[in-house]
Amino acid sequence: MIIGKVIGNVVSTIKDPKYNGYKLLVIQEMNIDGGYEKNFVIACDLIGAGVDEVVMLVTGAASRSSAETTDKGFDAVITAKIETLIFEDKEVKL
Amino acid sequence: MIIGKVIGNVVSTIKDPKYNGYKLLVIQEMNIDGGYEKNFVIACDLIGAGVDEVVMLVTGAASRSSAETTDKGFDAVITAKIETLIFEDKEVKL
Amino acid sequence: MIIGKVIGNVVSTIKDPKYNGYKLLVIQEMNIDGGYEKNFVIACDLIGAGVDEVVMLVTGAASRSSAETTDKGFDAVITAKIETLIFEDKEVKL
Amino acid sequence: MIIGKVIGNVVSTIKDPKYNGYKLLVIQEMNIDGGYEKNFVIACDLIGAGVDEVVMLVTGAASRSSAETTDKGFDAVITAKIETLIFEDKEVKL
Amino acid sequence: MIIGKVIGNVVSTIKDPKYNGYKLLVIQEMNIDGGYEKNFVIACDLIGAGVDEVVMLVTGAASRSSAETTDKGFDAVITAKIETLIFEDKEVKL
């Protein structure tokens with residue numbers, strides 16, 4: 001899974017109707033220094049995440065493992081908020 | 001999911017007959033500065049997207065989640081037009 | 001899906017017997033300038049492609065969407081020859 | 001599969017309830033010189049791995065191949081501890 | 001599929017019991033110049049490959065397409081030895 005920070009959101013009205021009622025967030029991927037990469041992904045939020053929160057996302061077919069997302073056609077979903085992240089016995093500032 | 005801009009299209013007559021009737025578009029991936037990467041992907045259009053529009057695409061097995069695309073053999077489909085994209089409280093110019 | 005040029009082929013006698021009768025081609029990936037990347041992939045040819053032709057390939061589980069390739073264990077197949085590729089209203093020289 | 005070193009762990013209380021009882025570890029990927037890349041992944045630990053141990057992980061749908069992880073929504077799991085790694089007849093220092 | 005050279009192997013005793021009896025090899029990926037990339041993957045050997053041999057591997061769900069590997073939890077398997085590799089009418093030295 002990937003750790004990233006929620007940095008924004010997406011508005012779309014012309015879309016696959018299966019997406020109705022799901023919130024799509026913009027996630028910037030964290031690197032090993034605790035900074036953030038230049039790339040981003042859009043993920044469906046399943047846990048009520050907000051901007052500036054650090055979250056874990058799953059990608060690929062795992063995105064459709066829950067009853068909520070089976071057959072919804074997402075390839076990335078946010079499945080956890082990260083409260084503490086420890087690298088080499090040191091807590092990463094989130 | 002990925003955000004990108006439609007920059008062109010593909011014409012093919014010798015192809016898997018399952019593709020008949022589907023429009024294939026060329027998508028350039030957006031980066032976190034709101035600019036575009038040098039790479040592109042070809043995606044099947046499910047929502048009526050046109051050149052210069054900013055869209056969201058799903059890749060991998062999620063491309064086959066809809067009744068329309070099950071067993072069609074696509075690995076990337078356009079599932080939403082993006083009207084507004086917010087990064088850090090700032091609207092990205094689309 | 002990916003656009004690439006057929007640049008060669010592979011000969012193998014010691015292989016998974018499921019591969020018997022399938023032609024494996026070497027594909028170099030096209031970039032957005034119409035040039036080619038330094039990486040290549042090997043794909044199973046389903047449409048009769050030849051060296052120097054520009055083709056579209058699907059990767060991942062989509063490679064097994066056709067009756068012909070289900071359970072054959074390919075992760076990349078050529079599913080279309082590209083006759084015309086338009087980027088920003090300009091035809092790419094193939 | 002990927003070889004990496006366990007460099008930390010993740011604490012999350014707001015998460016998909018399917019994850020309850022699973023340990024999530026931070027893995028830094030090994031490169032061919034026996035050093036480590038700057039990227040990391042989060043993987044579910046199935047074998048009792050600890051910090052500084054070198055492990056093998058599977059990613060993608062293979063993460064859900066065991067009875068333990070089917071439908072759990074992980075996209076990376078640790079499936080082996082590496083005791084010895086031989087590159088070109090030379091043992092890599094782990 | 002990917003072409004690579006077998007450069008070593010992996011020993012593990014604490015592992016998913018499904019892996020028992022399978023040989024895990026270290027594969028370095030070939031680039032388009034016939035040289036080798038700095039990254040490697042671990043793949044399950046299904047064809048009796050040895051060090052310094054050039055092989056083809058499949059990755060992802062295709063790794064589980066054979067009766068032998070269904071439900072074994074591998075994400076990369078070696079499915080062919082490469083005897084001849086032709087790039088642009090020129091045989092690549094293997």
# chains A, B, ... in the order shown; residues from 1 in each chain; ligands from 1
call {"tool": "residues_around", "arguments": {"residues": "E:Lys38", "least_positions_apart": "3", "cutoff": "9 Å", "atoms": "only C-alpha atoms", "output": "ChimeraX atom specification"}}
result
/D:31-33 /E:28-29
call {"tool": "interface_residues", "arguments": {"of": "chain D", "to": "chain A", "cutoff": "6 Å", "atoms": "only C-alpha atoms", "output": "list in words"}}
result
Ile7, Gly8, Asn9, Val10, Val11, Ser12, Ile14, Lys15, Asp16, Lys38, Asn39, Val41, Ile42, Asp71, Gly73, Phe74 and Asp75 of chain D
call {"tool": "select_by_dssp", "arguments": {"residues": "stretch 4-75 of chain E", "states": "helix (DSSP H, G or I)", "output": "MDAnalysis selection string"}}
result
chainID E and resid 17:19 60:64
call {"tool": "write_last_selection", "arguments": {"atoms": "N, CA, C and O atoms", "output": "mmCIF file, in the first residue's frame"}}
result
data_model
loop_
_atom_site.group_PDB
_atom_site.id
_atom_site.type_symbol
_atom_site.label_atom_id
_atom_site.label_comp_id
_atom_site.auth_asym_id
_atom_site.auth_seq_id
_atom_site.Cartn_x
_atom_site.Cartn_y
_atom_site.Cartn_z
ATOM 1 N N PRO E 17 3.934 -21.446 3.465
ATOM 2 C CA PRO E 17 4.154 -22.867 3.125
ATOM 3 C C PRO E 17 3.770 -23.219 1.691
ATOM 4 O O PRO E 17 4.278 -24.206 1.136
ATOM 5 N N LYS E 18 2.957 -22.407 1.060
ATOM 6 C CA LYS E 18 2.606 -22.671 -0.350
ATOM 7 C C LYS E 18 3.830 -22.630 -1.265
ATOM 8 O O LYS E 18 3.814 -23.167 -2.351
ATOM 9 N N TYR E 19 4.894 -21.941 -0.800
ATOM 10 C CA TYR E 19 6.088 -21.794 -1.635
ATOM 11 C C TYR E 19 6.991 -23.039 -1.587
ATOM 12 O O TYR E 19 7.936 -23.134 -2.368
ATOM 13 N N GLY E 60 2.387 -10.262 -12.549
ATOM 14 C CA GLY E 60 0.991 -10.009 -12.233
ATOM 15 C C GLY E 60 0.168 -11.277 -12.234
ATOM 16 O O GLY E 60 0.691 -12.380 -12.017
ATOM 17 N N ALA E 61 -1.127 -11.110 -12.473
ATOM 18 C CA ALA E 61 -2.066 -12.219 -12.360
ATOM 19 C C ALA E 61 -1.745 -13.347 -13.331
ATOM 20 O O ALA E 61 -2.081 -14.507 -13.083
ATOM 21 N N ALA E 62 -1.069 -13.036 -14.442
ATOM 22 C CA ALA E 62 -0.682 -14.075 -15.404
ATOM 23 C C ALA E 62 0.207 -15.129 -14.756
ATOM 24 O O ALA E 62 0.285 -16.259 -15.224
ATOM 25 N N SER E 63 0.873 -14.771 -13.659
ATOM 26 C CA SER E 63 1.743 -15.701 -12.932
ATOM 27 C C SER E 63 0.966 -16.867 -12.349
ATOM 28 O O SER E 63 1.548 -17.861 -11.927
ATOM 29 N N ARG E 64 -0.330 -16.721 -12.312
ATOM 30 C CA ARG E 64 -1.140 -17.771 -11.682
ATOM 31 C C ARG E 64 -2.041 -18.467 -12.701
ATOM 32 O O ARG E 64 -3.016 -19.107 -12.342
#
call {"tool": "closest_residue", "arguments": {"among": "E:Thr70, E:Ala76, E:Gly4, E:Leu94", "to": "E:Asp45", "atoms": "only C-alpha atoms"}}
result
E:Ala76
call {"tool": "select_by_dssp", "arguments": {"residues": "chain B", "states": "strand (DSSP E)", "output": "PyMOL selection string"}}
result
chain B and resi 2-11+24-30+36-45+54-59+76-81+84-87+90-91
